[in-house]
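query.csv follows (CSV, C-alpha atoms):
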```csv
chain,number,residue,atom,x,y,z
A,1,ASP,CA,-34.9,-52.6,-194.6
A,2,GLY,CA,-31.3,-53.6,-194.9
A,3,GLY,CA,-30.9,-55.4,-198.2
A,4,MET,CA,-33.9,-54.6,-200.4
A,5,ASN,CA,-32.8,-56.7,-203.3
A,6,ILE,CA,-35.6,-56.2,-205.9
A,7,GLY,CA,-38.2,-54.9,-203.5
A,8,GLN,CA,-39.8,-58.1,-202.0
A,9,THR,CA,-40.2,-56.6,-198.5
A,10,LEU,CA,-40.9,-53.1,-199.9
A,11,LEU,CA,-43.9,-54.5,-201.7
A,12,LYS,CA,-45.1,-56.5,-198.8
A,13,VAL,CA,-45.0,-53.5,-196.5
A,14,ALA,CA,-46.8,-51.4,-199.0
A,15,SER,CA,-49.5,-54.0,-199.5
A,16,ILE,CA,-50.2,-53.9,-195.8
A,17,ASP,CA,-50.0,-50.1,-195.3
A,18,ALA,CA,-48.9,-47.9,-198.2
A,19,GLU,CA,-48.7,-44.9,-195.8
A,20,ARG,CA,-46.3,-46.6,-193.4
A,21,ARG,CA,-42.9,-44.9,-193.2
A,22,TYR,CA,-40.3,-47.2,-194.9
A,23,LEU,CA,-36.6,-46.8,-195.2
A,24,GLY,CA,-34.8,-49.1,-197.6
A,25,PHE,CA,-31.1,-49.7,-198.2
A,26,GLU,CA,-29.6,-51.5,-201.2
A,27,PRO,CA,-26.0,-51.1,-202.4
A,28,ASN,CA,-26.4,-53.1,-205.7
A,29,PRO,CA,-27.0,-50.4,-208.3
A,30,LEU,CA,-29.4,-52.5,-210.5
A,31,CYS,CA,-31.5,-53.6,-207.5
A,32,TYR,CA,-31.7,-50.1,-206.2
A,33,PHE,CA,-32.9,-48.8,-209.6
A,34,THR,CA,-35.6,-51.6,-209.6
A,35,CYS,CA,-36.8,-50.5,-206.2
A,36,LYS,CA,-36.8,-46.9,-207.3
A,37,GLU,CA,-39.1,-47.8,-210.2
A,38,ILE,CA,-41.4,-49.7,-207.8
A,39,VAL,CA,-41.7,-46.7,-205.5
A,40,ALA,CA,-42.4,-44.4,-208.4
A,41,ALA,CA,-44.9,-46.7,-210.2
A,42,ASN,CA,-46.9,-47.3,-207.0
A,43,GLN,CA,-46.6,-43.7,-205.7
A,44,LEU,CA,-45.2,-44.9,-202.4
A,45,ARG,CA,-44.7,-41.4,-200.9
A,46,ALA,CA,-44.0,-42.8,-197.4
A,47,SER,CA,-41.1,-45.0,-198.8
A,48,GLU,CA,-37.6,-43.6,-199.0
A,49,ILE,CA,-34.8,-45.7,-200.4
A,50,PHE,CA,-31.0,-45.2,-200.4
A,51,PRO,CA,-28.4,-46.6,-202.9
A,52,VAL,CA,-26.1,-47.8,-200.1
A,53,GLY,CA,-25.7,-50.7,-197.7
A,54,LEU,CA,-25.5,-50.8,-194.0
A,55,SER,CA,-22.5,-51.9,-192.0
A,56,ASP,CA,-20.6,-51.1,-188.8
A,57,ARG,CA,-18.6,-48.3,-190.4
A,58,THR,CA,-18.8,-46.1,-193.4
A,59,GLN,CA,-16.6,-47.6,-196.1
A,60,LEU,CA,-16.3,-48.8,-199.7
A,61,LEU,CA,-16.2,-52.5,-200.4
A,62,PRO,CA,-16.6,-54.8,-203.3
A,63,LEU,CA,-19.9,-56.7,-203.6
A,64,PHE,CA,-19.3,-60.2,-204.8
A,65,MET,CA,-22.0,-61.4,-207.2
A,66,ASP,CA,-22.9,-64.2,-209.6
A,67,THR,CA,-25.6,-62.3,-211.6
A,68,ASP,CA,-26.5,-58.6,-212.0
A,69,TYR,CA,-29.4,-58.8,-209.6
A,70,ALA,CA,-27.6,-61.3,-207.4
A,71,PRO,CA,-29.9,-62.4,-204.6
A,72,GLY,CA,-26.9,-64.1,-203.1
A,73,ALA,CA,-24.5,-61.1,-203.3
A,74,SER,CA,-22.3,-60.5,-200.3
A,75,VAL,CA,-19.7,-57.9,-199.2
A,76,LEU,CA,-17.9,-60.8,-197.4
A,77,GLU,CA,-15.2,-62.1,-199.8
A,78,HIS,CA,-15.1,-65.5,-198.0
A,79,PHE,CA,-18.8,-66.0,-197.3
A,80,ARG,CA,-19.4,-68.1,-200.4
A,81,GLU,CA,-17.3,-71.2,-200.9
A,82,ASP,CA,-17.9,-71.2,-204.6
A,83,THR,CA,-15.7,-68.3,-205.6
A,84,LYS,CA,-15.8,-69.2,-209.3
A,85,ARG,CA,-19.5,-68.6,-209.3
A,86,PHE,CA,-19.5,-65.4,-207.3
A,87,HIS,CA,-16.7,-63.8,-209.3
A,88,GLN,CA,-18.4,-60.6,-210.4
A,89,ARG,CA,-17.6,-57.5,-208.4
A,90,VAL,CA,-19.0,-54.0,-208.1
A,91,ASN,CA,-17.7,-51.4,-205.7
A,92,VAL,CA,-20.4,-50.3,-203.2
A,93,ALA,CA,-20.8,-47.8,-200.4
A,94,LEU,CA,-21.7,-48.9,-196.9
A,95,PHE,CA,-22.8,-46.6,-194.0
A,96,ARG,CA,-22.9,-47.2,-190.3
A,97,GLY,CA,-26.6,-47.5,-189.5
A,98,ASP,CA,-26.6,-45.4,-186.4
A,99,GLU,CA,-25.1,-42.5,-188.4
A,100,VAL,CA,-27.9,-42.8,-191.0
A,101,VAL,CA,-30.6,-42.8,-188.3
A,102,ALA,CA,-29.0,-39.7,-186.7
A,103,ILE,CA,-28.8,-37.9,-190.0
A,104,ARG,CA,-32.4,-38.7,-190.8
A,105,ARG,CA,-33.5,-37.9,-187.2
A,106,GLU,CA,-35.5,-41.1,-187.1
A,107,ARG,CA,-36.9,-41.9,-183.6
A,108,ALA,CA,-39.8,-44.4,-183.7
A,109,ILE,CA,-38.4,-47.5,-185.4
A,110,ALA,CA,-40.7,-50.4,-185.0
A,111,VAL,CA,-39.1,-53.1,-187.2
A,112,VAL,CA,-35.7,-53.7,-188.7
A,113,LYS,CA,-35.3,-56.3,-191.4
A,114,ILE,CA,-31.8,-57.5,-192.4
A,115,ASP,CA,-31.1,-59.8,-195.4
A,116,VAL,CA,-27.4,-59.2,-196.3
A,117,GLU,CA,-26.0,-62.6,-197.1
A,118,GLY,CA,-23.7,-63.2,-194.2
A,119,ALA,CA,-22.9,-59.6,-193.2
A,120,GLU,CA,-25.7,-59.4,-190.6
A,121,LEU,CA,-23.2,-59.1,-187.7
A,122,GLU,CA,-21.8,-55.8,-189.1
A,123,VAL,CA,-25.3,-54.4,-189.7
A,124,VAL,CA,-26.3,-55.1,-186.1
A,125,ARG,CA,-23.1,-53.7,-184.7
A,126,GLY,CA,-23.7,-50.5,-186.8
A,127,LEU,CA,-27.2,-50.2,-185.4
A,128,HIS,CA,-26.2,-50.8,-181.8
A,129,ASP,CA,-27.3,-47.5,-180.4
A,130,THR,CA,-30.6,-47.5,-182.4
A,131,ILE,CA,-31.5,-51.0,-181.3
A,132,SER,CA,-30.6,-50.2,-177.7
A,133,ARG,CA,-32.9,-47.1,-177.7
A,134,ALA,CA,-35.8,-48.1,-179.9
A,135,ARG,CA,-35.9,-51.9,-179.2
A,136,PRO,CA,-37.4,-52.7,-182.5
A,137,HIS,CA,-38.5,-56.2,-183.6
A,138,ILE,CA,-35.7,-57.5,-185.8
A,139,VAL,CA,-36.3,-59.9,-188.7
A,140,LEU,CA,-33.1,-61.6,-189.9
A,141,GLU,CA,-32.3,-64.1,-192.7
A,142,ILE,CA,-29.5,-66.3,-191.3
A,143,LEU,CA,-28.3,-68.8,-193.9
A,144,PRO,CA,-27.5,-72.3,-192.5
A,145,VAL,CA,-24.1,-73.7,-191.8
A,146,TYR,CA,-24.1,-77.1,-193.4
A,147,SER,CA,-20.9,-78.5,-191.9
A,148,LEU,CA,-18.0,-77.6,-189.6
A,149,GLY,CA,-15.7,-79.9,-191.5
A,150,LYS,CA,-14.3,-77.1,-193.7
A,151,PRO,CA,-12.8,-73.6,-192.9
A,152,ASN,CA,-15.7,-71.9,-194.6
A,153,GLY,CA,-18.2,-73.6,-192.3
A,154,ARG,CA,-16.3,-72.8,-189.2
A,155,TYR,CA,-15.9,-69.2,-190.3
A,156,ARG,CA,-19.6,-68.8,-190.9
A,157,LYS,CA,-20.5,-70.5,-187.6
A,158,GLU,CA,-18.3,-68.2,-185.6
A,159,ARG,CA,-19.9,-65.2,-187.2
A,160,GLN,CA,-23.4,-66.7,-186.6
A,161,ASP,CA,-22.7,-67.3,-182.9
A,162,ALA,CA,-21.3,-63.8,-182.6
A,163,LEU,CA,-24.4,-62.3,-184.1
A,164,VAL,CA,-26.8,-64.2,-181.8
A,165,SER,CA,-24.6,-63.3,-178.8
A,166,ALA,CA,-24.5,-59.6,-179.8
A,167,LEU,CA,-28.3,-59.5,-179.9
A,168,GLY,CA,-28.6,-61.5,-176.7
A,169,ASP,CA,-26.4,-58.9,-175.0
A,170,LEU,CA,-28.9,-56.2,-176.2
A,171,GLY,CA,-31.7,-58.1,-174.4
A,172,TYR,CA,-33.2,-60.0,-177.3
A,173,ARG,CA,-34.7,-63.4,-177.5
A,174,MET,CA,-34.5,-65.4,-180.7
A,175,PHE,CA,-37.3,-67.2,-182.5
A,176,LEU,CA,-37.3,-69.4,-185.6
A,177,ILE,CA,-40.1,-68.3,-187.9
A,178,ARG,CA,-41.8,-71.5,-188.9
A,179,GLU,CA,-43.6,-70.2,-191.9
A,180,ARG,CA,-45.6,-73.3,-192.9
A,181,GLU,CA,-46.9,-73.7,-189.4
A,182,ARG,CA,-47.4,-70.0,-188.8
A,183,ARG,CA,-45.8,-70.0,-185.4
A,184,PHE,CA,-42.5,-69.2,-183.7
A,185,GLU,CA,-40.0,-71.5,-182.0
A,186,LEU,CA,-37.9,-70.2,-179.2
A,187,LEU,CA,-34.2,-71.0,-179.7
A,188,ALA,CA,-31.1,-70.5,-177.6
A,189,ASP,CA,-28.7,-70.9,-180.6
A,190,ILE,CA,-28.7,-72.0,-184.2
A,191,PRO,CA,-27.5,-75.5,-184.8
A,192,VAL,CA,-25.5,-76.7,-187.8
A,193,HIS,CA,-28.1,-77.8,-190.4
A,194,GLY,CA,-28.9,-77.8,-194.1
A,195,ASP,CA,-32.6,-77.0,-194.0
A,196,MET,CA,-33.3,-74.0,-196.2
A,197,SER,CA,-36.8,-73.6,-194.6
A,198,ARG,CA,-35.1,-72.6,-191.4
A,199,THR,CA,-33.5,-69.4,-192.4
A,200,ASN,CA,-35.8,-66.6,-191.1
A,201,TYR,CA,-35.6,-65.5,-187.5
A,202,LEU,CA,-37.4,-63.0,-185.3
A,203,PHE,CA,-35.6,-61.3,-182.5
A,204,VAL,CA,-37.8,-59.7,-179.9
A,205,HIS,CA,-36.7,-57.7,-176.8
A,206,ARG,CA,-37.3,-59.5,-173.5
A,207,ASP,CA,-39.3,-56.5,-172.2
A,208,VAL,CA,-41.7,-56.7,-175.1
A,209,THR,CA,-42.2,-60.5,-175.1
A,210,GLY,CA,-43.3,-60.3,-171.5
A,211,GLU,CA,-46.2,-58.0,-172.5
A,212,ILE,CA,-47.6,-60.1,-175.3
A,213,ASP,CA,-51.1,-61.4,-174.6
A,214,LEU,CA,-50.9,-65.0,-175.7
A,215,GLU,CA,-54.7,-65.5,-175.5
A,216,ARG,CA,-55.4,-62.8,-178.0
A,217,ASN,CA,-52.3,-63.6,-180.2
A,218,PRO,CA,-52.3,-67.4,-180.5
A,219,SER,CA,-49.6,-67.2,-183.2
A,220,PHE,CA,-47.2,-66.0,-180.5
A,221,ARG,CA,-47.9,-69.0,-178.2
A,222,ALA,CA,-44.3,-70.2,-178.6
A,223,LEU,CA,-43.2,-67.0,-176.8
A,224,ALA,CA,-44.5,-68.3,-173.5
```
Would you mind giving the structure from this file in structure tokens?
Amino acid sequence: DGGMNIGQTLLKVASIDAERRYLGFEPNPLCYFTCKEIVAANQLRASEIFPVGLSDRTQLLPLFMDTDYAPGASVLEHFREDTKRFHQRVNVALFRGDEVVAIRRERAIAVVKIDVEGAELEVVRGLHDTISRARPHIVLEILPVYSLGKPNGRYRKERQDALVSALGDLGYRMFLIRERERRFELLADIPVHGDMSRTNYLFVHRDVTGEIDLERNPSFRALA
């Protein structure tokens, strides 16, 4: 779980299977502490969390925030156009994901979730070897690009396209998660839009989508 924030995904995983192995990463100190309390209060012995973020190399960077718990905090200085709002900074540690996986000797990784406010490209690049080997399902929040009329929009769209291309090169197909309809929509790219209901995406390796039984899994019919 890259980008735990205050434990939304942690709690969802625990509610489904409290014994499922869970690794969570969160560089914001206050958010990490909140997740640590959640793990302790619920005795989630299979959950292990780390006070660091994931990236494509090990480094220290400022995290740009608007509030202490900052659901919109980003390590990308130019990701947010409203720099007056996102003016708080805290220095955080980032680790290359493949290095963390190697240190922890993790092998069977089924799902990777990434919610890092624009820095998804670096996280995916840092997990290149792990993704190539384990071929996990990847759940990504990708915030919309509203317009290409400003430098910020063009900057974000270039990064968005590079992210989709990088996962495509790794053999992944992209699906929009249509939560209200409980189905998936196959996409080739992400258009410029302003619909905040279209921010969650599922990437599934081509070898896996070919094995899905659509008759027994009607919610995956869009994969056909």
- Item | Computed interatomic separation between atom CA of A:Arg96 and atom CA of A:Val39 (Å) |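 Atom-to-atom, atom CA of A:Arg96 and atom CA of A:Val39 are spaced 24.2 Å apart.
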- Item | Shortest interatomic distance to A:Ala110 - which of A:Arg178, A:Arg21, A:Arg183, A:Lys36, counting all atoms listed in the file | A:Arg21
- Would you please work out which residue, of A:Ala18, A:Leu127, A:Cys35, A:Ala40, is nearest to A:Ser55 when using only C-alpha atoms?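 With only C-alpha atoms as the atom set, the closest residue is A:Leu127.
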- Closest of A:Phe64, A:Ala119, A:Val100, A:Glu106 to A:His87, counting all atoms listed in the file, is A:Phe64
Can you tell me, as a JSON list (two decimals) with C-alpha atoms, in the frame of the given file, what residues are no more than 8 Å from stretch 75-83 of chain A when counting all atoms listed in the file, ignoring any on the same chain fewer than 5 positions away?
```json
[["chain", "number", "residue", "atom", "x", "y", "z"],
["A", 61, "LEU", "CA", -16.20, -52.50, -200.40],
["A", 62, "PRO", "CA", -16.60, -54.80, -203.30],
["A", 63, "LEU", "CA", -19.90, -56.70, -203.60],
["A", 64, "PHE", "CA", -19.30, -60.20, -204.80],
["A", 117, "GLU", "CA", -26.00, -62.60, -197.10],
["A", 118, "GLY", "CA", -23.70, -63.20, -194.20],
["A", 119, "ALA", "CA", -22.90, -59.60, -193.20],
["A", 152, "ASN", "CA", -15.70, -71.90, -194.60],
["A", 156, "ARG", "CA", -19.60, -68.80, -190.90]]
```
- 6 Å contact set for A:Leu202, only C-alpha atoms, chain neighbours under 4 positions out, as a list in words: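 Listing them by chain and then by number gives Ile138, Val139, Met174 and Phe175 of chain A.
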With C-alpha atoms retained, write the just-selected residues as a JSON list (two decimals), in the coordinates of the input.
```json
[["chain", "number", "residue", "atom", "x", "y", "z"],
["A", 138, "ILE", "CA", -35.70, -57.50, -185.80],
["A", 139, "VAL", "CA", -36.30, -59.90, -188.70],
["A", 174, "MET", "CA", -34.50, -65.40, -180.70],
["A", 175, "PHE", "CA", -37.30, -67.20, -182.50]]
```
- What separation in Å, quoted to one decimal, exists between atom CA of A:Arg198 and atom CA of A:Gly153?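 The value is 17.0 Å.
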- Item | Best match for closeness to A:Arg173 among A:Leu187, A:Val52, A:Ile114, A:Ile131, counting all atoms listed in the file |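 Comparing A:Leu187, A:Val52, A:Ile114, A:Ile131 against A:Arg173, the winner is A:Leu187.
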What lies within 12 Å of A:Cys31 using all atoms listed in the file, ignoring chain neighbours under 3 positions off, as a short mmCIF file (atom, residue, chain, number, x, y, z; two decimals) with C-alpha atoms, in the coordinates of the input?
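Result file is out.cif:
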```cif
data_model
loop_
_atom_site.label_atom_id
_atom_site.label_comp_id
_atom_site.auth_asym_id
_atom_site.auth_seq_id
_atom_site.Cartn_x
_atom_site.Cartn_y
_atom_site.Cartn_z
CA GLY A 3 -30.90 -55.40 -198.20
CA MET A 4 -33.90 -54.60 -200.40
CA ASN A 5 -32.80 -56.70 -203.30
CA ILE A 6 -35.60 -56.20 -205.90
CA GLY A 7 -38.20 -54.90 -203.50
CA GLN A 8 -39.80 -58.10 -202.00
CA GLY A 24 -34.80 -49.10 -197.60
CA PHE A 25 -31.10 -49.70 -198.20
CA GLU A 26 -29.60 -51.50 -201.20
CA PRO A 27 -26.00 -51.10 -202.40
CA ASN A 28 -26.40 -53.10 -205.70
CA THR A 34 -35.60 -51.60 -209.60
CA CYS A 35 -36.80 -50.50 -206.20
CA LYS A 36 -36.80 -46.90 -207.30
CA GLU A 37 -39.10 -47.80 -210.20
CA ILE A 38 -41.40 -49.70 -207.80
CA ILE A 49 -34.80 -45.70 -200.40
CA PHE A 50 -31.00 -45.20 -200.40
CA PRO A 51 -28.40 -46.60 -202.90
CA VAL A 52 -26.10 -47.80 -200.10
CA GLY A 53 -25.70 -50.70 -197.70
CA THR A 67 -25.60 -62.30 -211.60
CA ASP A 68 -26.50 -58.60 -212.00
CA TYR A 69 -29.40 -58.80 -209.60
CA ALA A 70 -27.60 -61.30 -207.40
CA PRO A 71 -29.90 -62.40 -204.60
CA ALA A 73 -24.50 -61.10 -203.30
#
```
- Item | Interatomic distance (Å, one decimal) between atom CA of A:Pro29 and atom CA of A:Asp56 |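 That distance, rounded to one decimal, is 20.5 Å.
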